[in-house]
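Student: For reference, the structure I am asking about is given below.
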Amino acid sequence: MTARIGILGGTFDPIHYGHLAIAEEARLALQLDRVLFVPAAQQPLKRGAHIAAPEQRLAMVQLACAPNSAFEVSRIELDRPGPSFTLMTLEALHALRIGELHFILGDDALADLTRWYGAARVVELARIVAVGRPGIELDHTRIIQALPALSERLTVLPGPALDISSTVLRRRVAAGQPIRYQTPDAVVEFIDEHGLYR
Ligand code: ATP
Ligand code: MG
């Protein structure tokens, strides 16, 4: 049988329980064999906005994913020069024939998908799993109108809907506020030890 692979791309600056929870929810809903976390080297739509170094973001993703045997971390975008286009990542994974690809994203990211480089091809290479995000009201029928290829390829999951974001975590660290219980302890410790986001 073909393996069912989830892919969760992001800047993970830093990773938090929102990411881990949507990956686990998608794994359950779509019966994925594993979920690949793919930290972006430089996200095309977020140029210049990264705070922690790529290798630090990767290390935090590895720490957070270690306790779940279905979660894996890929360096594919870090080892490729230039901006991290999801299209290229999916082409590379497709060429490896590792299984059926399911790209997981939050509704805020889905709202941008039509602007992505090669959006139609992205949807051809991977089924799309969109997960609700607190504060984001998205009309999925409008997204499908803008990108009709999605209609047969989109699964919408309502939750777990954790109101956590990396932006807020960075601000909290900068303000000296705790981020414990919003990201795994190992990530909190890494941020402390490396003096990130202060
Ligand atoms: P930032 O505030 O820096 O943009 P973020 O919390 O949005 O960080 P990203 O690395 O940008 O995290 O997100 C990677 C992917 O995870 C995106 O598809 C995003 O929509 C999704 N995601 C992140 N947090 C949540 C959440 N709390 N609920 C649902 N989806 C989420
Ligand atoms: Mg984001």
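Each chain in the structure tokens gets a letter, A, B and so on, in the order shown; residues start at 1 in every chain, and ligands are counted from 1 in the order they appear.
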List every residue of chain A that has an atom at most 8 Å from any atom of ligand 2, giving for each one its closest atom pair and the distance in Å to one decimal, counting only C-alpha atoms and all ligand atoms, sorted by chain and then by ascending residue number, as a tab-separated table.
Tutor:
```
residue	atom	partner	partner_atom_place_in_ligand_line	distance
A:Gly10	CA	ligand 2	1 (Mg)	7.2
A:Thr11	CA	ligand 2	1 (Mg)	7.4
A:Asp108	CA	ligand 2	1 (Mg)	7.4
A:Ala109	CA	ligand 2	1 (Mg)	7.2
A:Ser165	CA	ligand 2	1 (Mg)	7.2
A:Ser166	CA	ligand 2	1 (Mg)	7.2
A:Thr167	CA	ligand 2	1 (Mg)	7.8
```
Student: Output C-alpha atoms for every residue in that selection, as a compact mmCIF listing (two decimals), in the first residue's frame.
Tutor:
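The resulting part-v2.txt:
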```
# COMPACT_ATOMS: atom_id res chain seq x y z
CA GLY A 10 6.61 26.84 8.21
CA THR A 11 9.18 29.23 9.54
CA ASP A 108 -4.34 31.97 7.27
CA ALA A 109 -1.85 30.26 4.96
CA SER A 165 1.33 32.03 17.23
CA SER A 166 5.09 32.40 16.90
CA THR A 167 4.70 36.18 16.64
```
Student: Quick one: pick out all strand (DSSP E or B) residues within stretch 52-141 of chain A from a backbone DSSP run and write them as a list of chain:residue names.
Tutor: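 In stretch 52-141 of chain A, DSSP puts these residues in strand (DSSP E or B): A:Phe71, A:Glu72, A:Val73, A:Glu100, A:Leu101, A:His102, A:Phe103, A:Ile104, A:Leu105, A:Gly106, A:Arg127, A:Ile128, A:Val129, A:Ala130, A:Val131.
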Student: Excluding A:Ala111 and its own-chain neighbours fewer than 5 positions away, which residues fall within 12 Å of it when counting only C-alpha atoms? Please give them as a PyMOL selection string.
Tutor: chain A and resi 105-106+116+119+130-133+136-144+146-147
Student: Output the neighbourhood of ligand 1 as a ChimeraX atom specification, that is, all protein and nucleic acid residues with some atom at most 9 Å from the ligand, counting only C-alpha atoms and all ligand atoms.
Tutor: /A:8-23,39-40,46,49-50,104-110,130-134,159-170
Student: Keeping only C-alpha atoms, write the selected residues as a PDB file, in the first residue's frame.
Tutor:
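The result, written out as out38.pdb:
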```
ATOM      1  CA  LEU A   8       3.868  20.827   7.405  1.00  0.00           C
ATOM      2  CA  GLY A   9       5.962  23.729   6.177  1.00  0.00           C
ATOM      3  CA  GLY A  10       6.606  26.840   8.213  1.00  0.00           C
ATOM      4  CA  THR A  11       9.175  29.234   9.537  1.00  0.00           C
ATOM      5  CA  PHE A  12       8.749  27.749  13.026  1.00  0.00           C
ATOM      6  CA  ASP A  13      10.239  30.855  14.617  1.00  0.00           C
ATOM      7  CA  PRO A  14       9.660  29.205  17.100  1.00  0.00           C
ATOM      8  CA  ILE A  15       7.609  25.985  16.757  1.00  0.00           C
ATOM      9  CA  HIS A  16       4.668  25.806  19.212  1.00  0.00           C
ATOM     10  CA  TYR A  17       1.758  23.580  20.235  1.00  0.00           C
ATOM     11  CA  GLY A  18      -0.430  25.083  17.477  1.00  0.00           C
ATOM     12  CA  HIS A  19       1.854  23.463  14.887  1.00  0.00           C
ATOM     13  CA  LEU A  20       2.122  20.157  16.734  1.00  0.00           C
ATOM     14  CA  ALA A  21      -1.634  19.971  17.297  1.00  0.00           C
ATOM     15  CA  ILE A  22      -2.600  20.573  13.645  1.00  0.00           C
ATOM     16  CA  ALA A  23      -0.067  17.972  12.518  1.00  0.00           C
ATOM     17  CA  PRO A  39      11.381  24.481   8.219  1.00  0.00           C
ATOM     18  CA  ALA A  40      11.744  27.149   5.536  1.00  0.00           C
ATOM     19  CA  LYS A  46       7.939  36.737   4.785  1.00  0.00           C
ATOM     20  CA  ALA A  49      11.171  38.771   8.980  1.00  0.00           C
ATOM     21  CA  HIS A  50      13.003  35.787  10.454  1.00  0.00           C
ATOM     22  CA  ILE A 104      -1.083  20.711   5.890  1.00  0.00           C
ATOM     23  CA  LEU A 105      -1.624  24.400   6.515  1.00  0.00           C
ATOM     24  CA  GLY A 106      -3.609  26.789   8.675  1.00  0.00           C
ATOM     25  CA  ASP A 107      -6.487  28.802   7.242  1.00  0.00           C
ATOM     26  CA  ASP A 108      -4.335  31.973   7.271  1.00  0.00           C
ATOM     27  CA  ALA A 109      -1.853  30.258   4.959  1.00  0.00           C
ATOM     28  CA  LEU A 110      -4.616  28.782   2.790  1.00  0.00           C
ATOM     29  CA  ALA A 130      -6.539  23.210   5.811  1.00  0.00           C
ATOM     30  CA  VAL A 131      -6.973  23.559   9.553  1.00  0.00           C
ATOM     31  CA  GLY A 132      -8.959  26.312  11.246  1.00  0.00           C
ATOM     32  CA  ARG A 133      -7.063  28.995  13.109  1.00  0.00           C
ATOM     33  CA  PRO A 134      -8.550  31.264  15.788  1.00  0.00           C
ATOM     34  CA  GLY A 159      -9.606  22.426  14.894  1.00  0.00           C
ATOM     35  CA  PRO A 160      -7.953  21.907  17.407  1.00  0.00           C
ATOM     36  CA  ALA A 161      -7.994  25.720  17.074  1.00  0.00           C
ATOM     37  CA  LEU A 162      -5.303  26.650  19.560  1.00  0.00           C
ATOM     38  CA  ASP A 163      -4.811  30.406  19.729  1.00  0.00           C
ATOM     39  CA  ILE A 164      -1.012  30.317  19.666  1.00  0.00           C
ATOM     40  CA  SER A 165       1.333  32.033  17.230  1.00  0.00           C
ATOM     41  CA  SER A 166       5.088  32.402  16.898  1.00  0.00           C
ATOM     42  CA  THR A 167       4.697  36.180  16.641  1.00  0.00           C
ATOM     43  CA  VAL A 168       3.031  36.330  20.045  1.00  0.00           C
ATOM     44  CA  LEU A 169       5.614  33.946  21.543  1.00  0.00           C
ATOM     45  CA  ARG A 170       8.471  36.153  20.267  1.00  0.00           C
TER      46      ARG A 170
END
```
Student: For A:Thr183, which residue among A:Pro81, A:Met1, A:Cys65, A:Thr155 is the nearest when counting only C-alpha atoms?
Tutor: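 Ranked by minimum distance to A:Thr183, first place goes to A:Cys65.
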Student: Ranking A:Leu154, A:Leu101, A:Ala126, A:Leu78 by minimum distance to A:Leu32 and counting only C-alpha atoms, which one comes first?
Tutor: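 Once distances to A:Leu32 are computed over only C-alpha atoms, the minimum belongs to A:Leu101.
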Student: If you run DSSP on this backbone, which residues of stretch 4-152 of chain A come out as helix (DSSP H, G or I), and could you give them as a count of residues only?
Tutor: 66
Student: Show me, as a list in words, the residues that have an atom within 10 Å of A:Ala186 when counting only C-alpha atoms, minus same-chain residues fewer than 3 positions from it.
Tutor: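 The filter keeps Met60, Gln62, Leu63, Ala64, Arg180, Thr183, Glu189, Phe190, Ile191 and Asp192 of chain A.
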Student: Can I get the selected residues back with C-alpha atoms, as a PDB file, in the first residue's frame?
Tutor:
```
ATOM      1  CA  MET A  60      13.692  23.609  18.017  1.00  0.00           C
ATOM      2  CA  GLN A  62      13.649  18.567  16.192  1.00  0.00           C
ATOM      3  CA  LEU A  63      13.274  18.942  19.955  1.00  0.00           C
ATOM      4  CA  ALA A  64       9.501  19.393  19.645  1.00  0.00           C
ATOM      5  CA  ARG A 180       5.571  27.665  29.010  1.00  0.00           C
ATOM      6  CA  THR A 183       5.395  25.171  23.333  1.00  0.00           C
ATOM      7  CA  GLU A 189      14.789  25.735  27.434  1.00  0.00           C
ATOM      8  CA  PHE A 190      16.450  26.112  24.024  1.00  0.00           C
ATOM      9  CA  ILE A 191      15.134  29.682  23.707  1.00  0.00           C
ATOM     10  CA  ASP A 192      16.438  30.487  27.202  1.00  0.00           C
TER      11      ASP A 192
END
```
Student: Quick check, in Å to one decimal: how far apart do atom CA of A:Leu96 and atom CA of A:Leu125 lie?
Tutor: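 Separating atom CA of A:Leu96 from atom CA of A:Leu125 is a distance of 12.3 Å.
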Student: Just how far from atom CA of A:Pro158 is atom CA of A:Asp185, in Å to one decimal?
Tutor: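 According to the coordinates, atom CA of A:Asp185 and atom CA of A:Pro158 are separated by 26.6 Å.
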Student: Could you please determine the separation between atom CA of A:Arg198 and atom CA of A:Ala174 in Å, to one decimal place?
Tutor: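 The value is 4.3 Å.
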